[in-house]
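The file run_12.cif comes next; it holds mmCIF, C-alpha atoms; chains and numbers go by the auth columns.
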```
data_input
#
loop_
_atom_site.group_PDB
_atom_site.id
_atom_site.type_symbol
_atom_site.label_atom_id
_atom_site.label_comp_id
_atom_site.label_asym_id
_atom_site.label_seq_id
_atom_site.Cartn_x
_atom_site.Cartn_y
_atom_site.Cartn_z
_atom_site.B_iso_or_equiv
_atom_site.auth_seq_id
_atom_site.auth_asym_id
ATOM 1 C CA MET A 1 161.722 74.337 87.612 0.00 26 A
ATOM 2 C CA ARG A 2 163.461 74.211 91.021 0.00 27 A
ATOM 3 C CA SER A 3 161.726 75.371 94.139 0.00 28 A
ATOM 4 C CA GLY A 4 162.904 78.642 95.610 0.00 29 A
ATOM 5 C CA ARG A 5 162.429 80.677 98.744 0.00 30 A
ATOM 6 C CA PHE A 6 161.762 83.857 96.817 0.00 31 A
ATOM 7 C CA ALA A 7 160.524 85.965 99.730 0.00 32 A
ATOM 8 C CA GLU A 8 163.512 85.079 101.906 0.00 33 A
ATOM 9 C CA LEU A 9 165.930 85.879 99.101 0.00 34 A
ATOM 10 C CA LEU A 10 164.386 89.293 98.423 0.00 35 A
ATOM 11 C CA GLU A 11 164.265 90.070 102.146 0.00 36 A
ATOM 12 C CA LEU A 12 167.960 89.222 102.444 0.00 37 A
ATOM 13 C CA LEU A 13 168.847 91.568 99.585 0.00 38 A
ATOM 14 C CA ALA A 14 166.809 94.359 101.185 0.00 39 A
ATOM 15 C CA GLU A 15 168.283 93.676 104.627 0.00 40 A
ATOM 16 C CA HIS A 16 171.789 94.172 103.204 0.00 41 A
ATOM 17 C CA ASP A 17 170.779 97.356 101.351 0.00 42 A
ATOM 18 C CA VAL A 18 171.572 95.833 97.976 0.00 43 A
ATOM 19 C CA GLU A 19 170.411 98.236 95.271 0.00 44 A
ATOM 20 C CA ALA A 20 168.656 95.952 92.811 0.00 45 A
ATOM 21 C CA ILE A 21 165.536 95.904 90.655 0.00 46 A
ATOM 22 C CA VAL A 22 163.417 92.764 90.445 0.00 47 A
ATOM 23 C CA VAL A 23 162.736 92.092 86.756 0.00 48 A
ATOM 24 C CA GLY A 24 161.442 89.081 84.807 0.00 49 A
ATOM 25 C CA MET A 25 158.331 87.117 85.655 0.00 50 A
ATOM 26 C CA LEU A 26 158.791 87.579 89.393 0.00 51 A
ATOM 27 C CA ALA A 27 158.167 91.292 88.818 0.00 52 A
ATOM 28 C CA GLY A 28 154.900 90.246 87.188 0.00 53 A
ATOM 29 C CA VAL A 29 153.943 87.982 90.106 0.00 54 A
ATOM 30 C CA LEU A 30 154.708 90.715 92.647 0.00 55 A
ATOM 31 C CA GLN A 31 152.314 93.019 90.789 0.00 56 A
ATOM 32 C CA GLY A 32 149.552 90.425 90.660 0.00 57 A
ATOM 33 C CA ALA A 33 150.056 88.465 87.448 0.00 58 A
ATOM 34 C CA PRO A 34 149.166 84.777 87.900 0.00 59 A
ATOM 35 C CA VAL A 35 152.309 83.546 86.152 0.00 60 A
ATOM 36 C CA THR A 36 155.089 81.274 87.301 0.00 61 A
ATOM 37 C CA THR A 37 158.860 81.282 87.289 0.00 62 A
ATOM 38 C CA GLY A 38 161.592 79.283 88.921 0.00 63 A
ATOM 39 C CA ASP A 39 164.089 82.038 89.603 0.00 64 A
ATOM 40 C CA VAL A 40 164.698 85.542 90.886 0.00 65 A
ATOM 41 C CA ASP A 41 166.000 87.935 88.212 0.00 66 A
ATOM 42 C CA ILE A 42 167.591 91.148 89.405 0.00 67 A
ATOM 43 C CA VAL A 43 169.380 94.041 87.741 0.00 68 A
ATOM 44 C CA HIS A 44 171.876 95.286 90.316 0.00 69 A
ATOM 45 C CA ARG A 45 173.578 98.657 90.535 0.00 70 A
ATOM 46 C CA ARG A 46 177.134 98.204 89.347 0.00 71 A
ATOM 47 C CA THR A 47 179.142 100.259 91.829 0.00 72 A
ATOM 48 C CA PRO A 48 181.967 98.629 93.818 0.00 73 A
ATOM 49 C CA GLU A 49 180.105 99.297 97.104 0.00 74 A
ATOM 50 C CA ASN A 50 176.848 97.753 95.923 0.00 75 A
ATOM 51 C CA VAL A 51 178.533 94.803 94.252 0.00 76 A
ATOM 52 C CA GLY A 52 180.344 94.250 97.569 0.00 77 A
ATOM 53 C CA ARG A 53 176.997 94.100 99.401 0.00 78 A
ATOM 54 C CA LEU A 54 175.576 91.772 96.763 0.00 79 A
ATOM 55 C CA LEU A 55 178.629 89.495 97.053 0.00 80 A
ATOM 56 C CA THR A 56 178.072 89.309 100.835 0.00 81 A
ATOM 57 C CA VAL A 57 174.487 88.086 100.270 0.00 82 A
ATOM 58 C CA LEU A 58 175.564 85.658 97.546 0.00 83 A
ATOM 59 C CA ALA A 59 178.246 84.201 99.832 0.00 84 A
ATOM 60 C CA LYS A 60 175.709 83.780 102.657 0.00 85 A
ATOM 61 C CA ILE A 61 173.426 81.704 100.444 0.00 86 A
ATOM 62 C CA GLY A 62 176.257 79.750 98.787 0.00 87 A
ATOM 63 C CA ALA A 63 175.550 81.062 95.286 0.00 88 A
ATOM 64 C CA VAL A 64 177.509 79.347 92.510 0.00 89 A
ATOM 65 C CA TYR A 65 177.178 79.222 88.724 0.00 90 A
ATOM 66 C CA ARG A 66 174.438 76.746 87.978 0.00 91 A
ATOM 67 C CA HIS A 67 175.789 75.500 84.659 0.00 92 A
ATOM 68 C CA ASP A 68 179.319 74.914 85.914 0.00 93 A
ATOM 69 C CA PRO A 69 180.138 71.579 87.551 0.00 94 A
ATOM 70 C CA ARG A 70 183.121 73.107 89.392 0.00 95 A
ATOM 71 C CA GLY A 71 180.856 75.057 91.747 0.00 96 A
ATOM 72 C CA LEU A 72 182.471 78.401 90.991 0.00 97 A
ATOM 73 C CA ALA A 73 181.198 81.488 92.802 0.00 98 A
ATOM 74 C CA PRO A 74 180.941 84.846 91.020 0.00 99 A
ATOM 75 C CA GLY A 75 183.503 87.504 91.828 0.00 100 A
ATOM 76 C CA GLU A 76 183.493 91.294 91.789 0.00 101 A
ATOM 77 C CA SER A 77 184.703 91.488 88.187 0.00 102 A
ATOM 78 C CA HIS A 78 181.793 89.316 87.016 0.00 103 A
ATOM 79 C CA LEU A 79 179.180 91.418 88.791 0.00 104 A
ATOM 80 C CA MET A 80 180.711 94.717 87.662 0.00 105 A
ATOM 81 C CA GLY A 81 180.144 93.715 84.040 0.00 106 A
ATOM 82 C CA ALA A 82 177.003 93.941 81.926 0.00 107 A
ATOM 83 C CA GLY A 83 176.691 90.174 81.571 0.00 108 A
ATOM 84 C CA HIS A 84 174.185 87.780 83.096 0.00 109 A
ATOM 85 C CA GLN A 85 175.372 85.667 86.032 0.00 110 A
ATOM 86 C CA LEU A 86 173.071 82.645 86.322 0.00 111 A
ATOM 87 C CA LEU A 87 173.442 81.265 89.836 0.00 112 A
ATOM 88 C CA GLU A 88 171.955 78.634 92.114 0.00 113 A
ATOM 89 C CA SER A 89 171.864 78.998 95.866 0.00 114 A
ATOM 90 C CA SER A 90 170.431 77.584 99.069 0.00 115 A
ATOM 91 C CA LEU A 91 167.397 79.855 98.554 0.00 116 A
ATOM 92 C CA GLY A 92 166.890 78.945 94.891 0.00 117 A
ATOM 93 C CA ASP A 93 168.106 80.206 91.542 0.00 118 A
ATOM 94 C CA ILE A 94 169.079 83.849 91.196 0.00 119 A
ATOM 95 C CA ASP A 95 170.113 85.614 87.997 0.00 120 A
ATOM 96 C CA CYS A 96 172.190 88.744 88.557 0.00 121 A
ATOM 97 C CA LEU A 97 171.885 90.790 85.379 0.00 122 A
ATOM 98 C CA GLY A 98 174.284 93.650 84.730 0.00 123 A
ATOM 99 C CA ALA A 99 171.992 95.022 82.027 0.00 124 A
ATOM 100 C CA ILE A 100 168.825 94.016 80.174 0.00 125 A
ATOM 101 C CA ASP A 101 166.869 95.166 77.154 0.00 126 A
ATOM 102 C CA ASP A 102 169.805 96.044 74.916 0.00 127 A
ATOM 103 C CA GLY A 103 172.071 97.517 77.563 0.00 128 A
ATOM 104 C CA LYS A 104 169.760 99.169 80.089 0.00 129 A
ATOM 105 C CA THR A 105 171.364 99.382 83.522 0.00 130 A
ATOM 106 C CA TYR A 106 170.023 99.818 87.050 0.00 131 A
ATOM 107 C CA ASP A 107 170.338 103.600 86.668 0.00 132 A
ATOM 108 C CA ASP A 108 168.422 103.528 83.370 0.00 133 A
ATOM 109 C CA LEU A 109 165.586 101.472 84.872 0.00 134 A
ATOM 110 C CA ILE A 110 165.179 102.782 88.414 0.00 135 A
ATOM 111 C CA ASP A 111 162.662 105.465 87.366 0.00 136 A
ATOM 112 C CA SER A 112 160.479 102.735 85.856 0.00 137 A
ATOM 113 C CA THR A 113 160.032 100.820 89.085 0.00 138 A
ATOM 114 C CA VAL A 114 157.478 100.552 91.871 0.00 139 A
ATOM 115 C CA ARG A 115 158.579 100.246 95.492 0.00 140 A
ATOM 116 C CA MET A 116 156.956 97.283 97.193 0.00 141 A
ATOM 117 C CA SER A 117 156.959 96.433 100.868 0.00 142 A
ATOM 118 C CA LEU A 118 157.580 92.885 102.028 0.00 143 A
ATOM 119 C CA GLY A 119 156.825 93.819 105.633 0.00 144 A
ATOM 120 C CA ASP A 120 159.372 94.341 108.422 0.00 145 A
ATOM 121 C CA ASP A 121 160.616 97.558 106.778 0.00 146 A
ATOM 122 C CA HIS A 122 161.856 95.621 103.758 0.00 147 A
ATOM 123 C CA VAL A 123 161.208 97.540 100.558 0.00 148 A
ATOM 124 C CA ILE A 124 162.209 96.314 97.120 0.00 149 A
ATOM 125 C CA ALA A 125 162.264 97.980 93.710 0.00 150 A
ATOM 126 C CA VAL A 126 160.243 96.113 91.076 0.00 151 A
ATOM 127 C CA LEU A 127 160.185 96.903 87.353 0.00 152 A
ATOM 128 C CA ASP A 128 156.724 98.331 86.701 0.00 153 A
ATOM 129 C CA LEU A 129 154.280 96.256 84.699 0.00 154 A
ATOM 130 C CA ARG A 130 154.132 98.586 81.694 0.00 155 A
ATOM 131 C CA THR A 131 157.927 98.568 81.306 0.00 156 A
ATOM 132 C CA LEU A 132 158.083 94.813 81.912 0.00 157 A
ATOM 133 C CA ILE A 133 155.639 94.297 79.035 0.00 158 A
ATOM 134 C CA GLU A 134 157.694 96.575 76.747 0.00 159 A
ATOM 135 C CA VAL A 135 160.906 94.721 77.642 0.00 160 A
ATOM 136 C CA LYS A 136 159.274 91.349 76.957 0.00 161 A
ATOM 137 C CA ARG A 137 157.837 92.570 73.651 0.00 162 A
ATOM 138 C CA ARG A 138 161.247 93.835 72.521 0.00 163 A
ATOM 139 C CA ALA A 139 162.937 90.592 73.630 0.00 164 A
ATOM 140 C CA GLY A 140 160.600 88.883 71.165 0.00 165 A
ATOM 141 C CA ARG A 141 161.384 85.343 72.278 0.00 166 A
ATOM 142 C CA PRO A 142 158.436 82.915 72.205 0.00 167 A
ATOM 143 C CA LYS A 143 158.449 82.538 76.021 0.00 168 A
ATOM 144 C CA ASP A 144 158.361 86.316 76.478 0.00 169 A
ATOM 145 C CA LEU A 145 155.635 86.851 73.897 0.00 170 A
ATOM 146 C CA ALA A 146 153.529 84.061 75.430 0.00 171 A
ATOM 147 C CA ALA A 147 153.429 85.895 78.757 0.00 172 A
ATOM 148 C CA ILE A 148 152.296 89.233 77.338 0.00 173 A
ATOM 149 C CA PRO A 149 148.492 88.603 77.260 0.00 174 A
ATOM 150 C CA VAL A 150 148.437 87.776 81.001 0.00 175 A
ATOM 151 C CA LEU A 151 150.690 90.722 81.881 0.00 176 A
ATOM 152 C CA GLU A 152 148.563 93.100 79.790 0.00 177 A
ATOM 153 C CA ALA A 153 145.352 91.773 81.329 0.00 178 A
ATOM 154 C CA THR A 154 146.852 92.325 84.803 0.00 179 A
ATOM 155 C CA LEU A 155 147.762 95.898 83.886 0.00 180 A
ATOM 156 C CA ASP A 156 144.218 96.421 82.598 0.00 181 A
ATOM 157 C CA GLU A 157 142.719 95.075 85.858 0.00 182 A
ATOM 158 C CA LEU A 158 145.000 97.398 87.866 0.00 183 A
ATOM 159 C CA GLU A 159 144.073 100.431 85.796 0.00 184 A
ATOM 160 C CA HIS A 160 140.363 99.576 85.462 0.00 185 A
ATOM 161 C CA PRO A 161 139.338 97.632 88.562 0.00 186 A
ATOM 162 C CA GLU A 162 135.857 96.083 88.639 0.00 187 A
ATOM 163 C CA MET B 1 123.337 65.285 85.278 0.00 14 B
ATOM 164 C CA VAL B 2 123.811 68.911 84.270 0.00 15 B
ATOM 165 C CA SER B 3 120.704 70.609 82.942 0.00 16 B
ATOM 166 C CA SER B 4 120.860 72.698 79.787 0.00 17 B
ATOM 167 C CA MET B 5 119.955 75.764 81.856 0.00 18 B
ATOM 168 C CA THR B 6 122.981 75.214 84.119 0.00 19 B
ATOM 169 C CA MET B 7 125.206 74.717 81.099 0.00 20 B
ATOM 170 C CA GLU B 8 124.024 78.000 79.626 0.00 21 B
ATOM 171 C CA LEU B 9 124.713 79.746 82.922 0.00 22 B
ATOM 172 C CA ARG B 10 128.215 78.310 83.126 0.00 23 B
ATOM 173 C CA SER B 11 128.935 79.300 79.567 0.00 24 B
ATOM 174 C CA GLY B 12 127.825 82.846 80.384 0.00 25 B
ATOM 175 C CA GLN B 13 130.016 82.966 83.470 0.00 26 B
ATOM 176 C CA ASN B 14 133.013 81.844 81.453 0.00 27 B
ATOM 177 C CA ASP B 15 132.405 84.605 78.913 0.00 28 B
ATOM 178 C CA VAL B 16 132.806 87.110 81.729 0.00 29 B
ATOM 179 C CA ALA B 17 135.803 85.363 83.298 0.00 30 B
ATOM 180 C CA ILE B 18 137.836 84.624 80.170 0.00 31 B
ATOM 181 C CA ASP B 19 138.781 87.570 77.988 0.00 32 B
ATOM 182 C CA ARG B 20 139.062 87.515 74.185 0.00 33 B
ATOM 183 C CA ARG B 21 142.746 86.494 74.401 0.00 34 B
ATOM 184 C CA GLY B 22 141.927 83.530 76.613 0.00 35 B
ATOM 185 C CA VAL B 23 143.159 85.070 79.863 0.00 36 B
ATOM 186 C CA ASP B 24 141.230 84.057 82.980 0.00 37 B
ATOM 187 C CA ARG B 25 140.514 87.380 84.681 0.00 38 B
ATOM 188 C CA THR B 26 139.294 85.697 87.892 0.00 39 B
ATOM 189 C CA GLN B 27 142.818 84.417 88.583 0.00 40 B
ATOM 190 C CA ILE B 28 144.195 87.924 88.156 0.00 41 B
ATOM 191 C CA ARG B 29 141.544 89.456 90.439 0.00 42 B
ATOM 192 C CA ARG B 30 142.305 86.819 93.069 0.00 43 B
ATOM 193 C CA MET B 31 146.048 87.615 92.872 0.00 44 B
ATOM 194 C CA LEU B 32 145.391 91.352 93.102 0.00 45 B
ATOM 195 C CA ARG B 33 143.603 90.817 96.413 0.00 46 B
ATOM 196 C CA LEU B 34 146.831 89.405 97.907 0.00 47 B
ATOM 197 C CA SER B 35 149.733 91.401 99.340 0.00 48 B
ATOM 198 C CA PRO B 36 153.102 91.210 97.517 0.00 49 B
ATOM 199 C CA LEU B 37 154.389 88.833 100.199 0.00 50 B
ATOM 200 C CA GLU B 38 151.315 86.600 99.812 0.00 51 B
ATOM 201 C CA ARG B 39 151.866 86.554 96.031 0.00 52 B
ATOM 202 C CA LEU B 40 155.432 85.332 96.613 0.00 53 B
ATOM 203 C CA ARG B 41 154.125 82.619 98.959 0.00 54 B
ATOM 204 C CA TRP B 42 151.591 81.577 96.283 0.00 55 B
ATOM 205 C CA LEU B 43 154.437 81.183 93.756 0.00 56 B
ATOM 206 C CA GLU B 44 156.635 79.312 96.242 0.00 57 B
ATOM 207 C CA GLU B 45 153.843 76.853 97.013 0.00 58 B
ATOM 208 C CA PHE B 46 153.056 76.360 93.332 0.00 59 B
ATOM 209 C CA VAL B 47 156.689 75.740 92.361 0.00 60 B
ATOM 210 C CA GLU B 48 157.219 73.444 95.352 0.00 61 B
ATOM 211 C CA SER B 49 154.132 71.405 94.432 0.00 62 B
ATOM 212 C CA VAL B 50 155.367 70.955 90.861 0.00 63 B
ATOM 213 C CA ALA B 51 158.858 70.031 92.086 0.00 64 B
ATOM 214 C CA LYS B 52 157.367 67.491 94.506 0.00 65 B
ATOM 215 C CA ILE B 53 155.357 65.780 91.765 0.00 66 B
ATOM 216 C CA ARG B 54 158.445 65.709 89.563 0.00 67 B
ATOM 217 C CA ARG B 55 160.531 64.150 92.344 0.00 68 B
ATOM 218 C CA LEU B 56 157.877 61.495 92.920 0.00 69 B
ATOM 219 C CA ASN B 57 157.901 60.596 89.231 0.00 70 B
ATOM 220 C CA GLU B 58 161.522 61.084 88.241 0.00 71 B
ATOM 221 C CA LYS B 59 162.344 57.353 88.198 0.00 72 B
ATOM 222 C CA ARG B 60 159.234 56.365 86.282 0.00 73 B
ATOM 223 C CA THR B 61 159.458 55.591 82.606 0.00 74 B
ATOM 224 C CA ILE B 62 157.130 57.486 80.321 0.00 75 B
ATOM 225 C CA ARG B 63 155.389 55.138 77.893 0.00 76 B
#
```
Output the structure of this file as structure tokens.
Amino acid sequence: MRSGRFAELLELLAEHDVEAIVVGMLAGVLQGAPVTTGDVDIVHRRTPENVGRLLTVLAKIGAVYRHDPRGLAPGESHLMGAGHQLLESSLGDIDCLGAIDDGKTYDDLIDSTVRMSLGDDHVIAVLDLRTLIEVKRRAGRPKDLAAIPVLEATLDELEHPE
Amino acid sequence: MVSSMTMELRSGQNDVAIDRRGVDRTQIRRMLRLSPLERLRWLEEFVESVAKIRRLNEKRTIR
């Protein structure tokens, strides 16, 4: 697990009007789940304009593929596709996901998000807890299934506060 | 020395705090009292602490 400046990274995306949804365990943390992760996972909107804005942010933070010793940076064609671009940057690891959960895109998921303020007029879209749990259950991998009890307990605390 | 009465009390408190799936609800309630930005800071500090311990121990051999 590498350290990351998660808040700064999300603020930068918001500052540049990048249309993206925070997914993965960071979405859980933002909604109050006491879980950990080492990266920022986003599903970005795959229009040329938005990918252009995302590329500007990625260039600013020196994002390159983290499993490639050549230090290659992603290009427009990579981010326009449905694949997963696993990157490292000066602000930590960021995964730019074209689609998740068997092909769901930004447009498919945006209605299942909550808008969260990070202060200073920065608002980010975060995959809501109920959908996050469904996605993790369908993914079915041991690491996803292991997180479900904590995510479900967090949802229960939100819906039935003490 | 912990008296048996104290032990019973602690056991009772744990029953309230830990749900039937083993999830510590007090940690969740504490997180829910924070703002989203504070939750991110909590994660950053946690990850940084783990990374720091790893750096300090990376050249040590595990026996």
For this session: Return as a list in words the set of residues that the PyMOL selection byres ((chain A and resi 77) around 12) yields on the displayed structure.
Result: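 Selected by the PyMOL selection byres ((chain A and resi 77) around 12) here: Leu38, His41, Asp42, Val43, Glu44, His69, Arg70, Arg71, Thr72, Pro73, Glu74, Asn75, Val76, Arg78, Leu79, Leu80, Thr81, Val82, Leu83, Ala84, Pro99, Gly100, Glu101, Ser102, His103, Leu104 and Met105 of chain A.
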Any chance you can output those residues with C-alpha atoms as a PDB file, in the frame of the given file?
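Produced file out_0.pdb, reproduced below:
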```
ATOM      1  CA  LEU A  38     168.847  91.568  99.585  1.00  0.00           C
ATOM      2  CA  HIS A  41     171.789  94.172 103.204  1.00  0.00           C
ATOM      3  CA  ASP A  42     170.779  97.356 101.351  1.00  0.00           C
ATOM      4  CA  VAL A  43     171.572  95.833  97.976  1.00  0.00           C
ATOM      5  CA  GLU A  44     170.411  98.236  95.271  1.00  0.00           C
ATOM      6  CA  HIS A  69     171.876  95.286  90.316  1.00  0.00           C
ATOM      7  CA  ARG A  70     173.578  98.657  90.535  1.00  0.00           C
ATOM      8  CA  ARG A  71     177.134  98.204  89.347  1.00  0.00           C
ATOM      9  CA  THR A  72     179.142 100.259  91.829  1.00  0.00           C
ATOM     10  CA  PRO A  73     181.967  98.629  93.818  1.00  0.00           C
ATOM     11  CA  GLU A  74     180.105  99.297  97.104  1.00  0.00           C
ATOM     12  CA  ASN A  75     176.848  97.753  95.923  1.00  0.00           C
ATOM     13  CA  VAL A  76     178.533  94.803  94.252  1.00  0.00           C
ATOM     14  CA  ARG A  78     176.997  94.100  99.401  1.00  0.00           C
ATOM     15  CA  LEU A  79     175.576  91.772  96.763  1.00  0.00           C
ATOM     16  CA  LEU A  80     178.629  89.495  97.053  1.00  0.00           C
ATOM     17  CA  THR A  81     178.072  89.309 100.835  1.00  0.00           C
ATOM     18  CA  VAL A  82     174.487  88.086 100.270  1.00  0.00           C
ATOM     19  CA  LEU A  83     175.564  85.658  97.546  1.00  0.00           C
ATOM     20  CA  ALA A  84     178.246  84.201  99.832  1.00  0.00           C
ATOM     21  CA  PRO A  99     180.941  84.846  91.020  1.00  0.00           C
ATOM     22  CA  GLY A 100     183.503  87.504  91.828  1.00  0.00           C
ATOM     23  CA  GLU A 101     183.493  91.294  91.789  1.00  0.00           C
ATOM     24  CA  SER A 102     184.703  91.488  88.187  1.00  0.00           C
ATOM     25  CA  HIS A 103     181.793  89.316  87.016  1.00  0.00           C
ATOM     26  CA  LEU A 104     179.180  91.418  88.791  1.00  0.00           C
ATOM     27  CA  MET A 105     180.711  94.717  87.662  1.00  0.00           C
TER      28      MET A 105
END
```
For this session: Please identify all polymer residues within 9 Å of Glu57 (chain B), counting all atoms listed in the file, omitting same-chain residues fewer than 6 positions from it, and present them as a ChimeraX atom specification.
Result: /A:28-32,63
Closest atom pairs, chain B residues within 12 Å of chain A, all atoms listed in the file, as CSV:
```
residue,atom,partner,partner_atom,distance
B:Val29,CA,A:Glu187,CA,11.7
B:Ala30,CA,A:Ala178,CA,11.7
B:Ile31,CA,A:Ala178,CA,10.4
B:Asp32,CA,A:Ala178,CA,8.5
B:Arg33,CA,A:Pro174,CA,10.0
B:Arg34,CA,A:Pro174,CA,6.8
B:Gly35,CA,A:Pro174,CA,8.3
B:Val36,CA,A:Val175,CA,6.0
B:Asp37,CA,A:Val175,CA,8.3
B:Arg38,CA,A:Ala178,CA,7.3
B:Thr39,CA,A:Pro59,CA,9.9
B:Gln40,CA,A:Pro59,CA,6.4
B:Ile41,CA,A:Pro59,CA,5.9
B:Arg42,CA,A:Glu182,CA,7.3
B:Arg43,CA,A:Gly57,CA,8.4
B:Met44,CA,A:Gly57,CA,5.0
B:Leu45,CA,A:Gly57,CA,4.9
B:Arg46,CA,A:Gly57,CA,8.3
B:Leu47,CA,A:Gly57,CA,7.8
B:Ser48,CA,A:Leu55,CA,8.4
B:Pro49,CA,A:Leu55,CA,5.2
B:Leu50,CA,A:Leu143,CA,5.5
B:Glu51,CA,A:Leu55,CA,8.9
B:Arg52,CA,A:Leu55,CA,6.1
B:Leu53,CA,A:Ala32,CA,6.0
B:Arg54,CA,A:Ala32,CA,7.3
B:Trp55,CA,A:Val54,CA,9.2
B:Leu56,CA,A:Thr61,CA,6.5
B:Glu57,CA,A:Gly29,CA,6.3
B:Glu58,CA,A:Ser28,CA,8.5
B:Phe59,CA,A:Thr61,CA,8.0
B:Val60,CA,A:Ser28,CA,5.4
B:Glu61,CA,A:Ser28,CA,5.0
B:Ser62,CA,A:Ser28,CA,8.6
B:Val63,CA,A:Met26,CA,7.9
B:Ala64,CA,A:Arg27,CA,6.3
B:Lys65,CA,A:Ser28,CA,9.0
B:Ile66,CA,A:Met26,CA,11.4
B:Arg67,CA,A:Met26,CA,9.4
B:Arg68,CA,A:Arg27,CA,10.6
```
Problem set entry | Point (171.6, 94.4, 79.5) neighbourhood (10 Å, only C-alpha atoms) written as an MDAnalysis selection string | chainID A and resid 68 106:109 122:131
Exercise. For this file, the PyMOL selection byres ((chain A and resi 151-163) around 9) selects which residues, as a PyMOL selection string?
Worked result: chain A and resi 45-53+55-56+125-126+134-141+149-150+164-166+168-170+172-173+176-177+179-180
For this session: Find the distance between CA of Asp120 (chain A) and CA of His92 (chain A) and write it in Å to one decimal.
Result: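 Going from CA of Asp120 (chain A) over to CA of His92 (chain A), I get 12.1 Å.
Across the model, the gap from CA of Val65 (chain A) to CA of Gly96 (chain A) is 19.3 Å.
Between CA of Tyr90 (chain A) and CA of Asp64 (chain A) the separation is 13.4 Å.
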Exercise. Taking the file as shown, what set of residues would the PyMOL selection byres ((chain A and resi 89) around 10) give back, as a PyMOL selection string?
Worked result: chain A and resi 83-84+86-88+90-99+110-115+118-119
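For the choices A:Lys85, A:Ala171, A:Val148, A:Asp133, the atom-to-atom distance to Leu116 (chain A) is smallest for A:Lys85 when using only C-alpha atoms.
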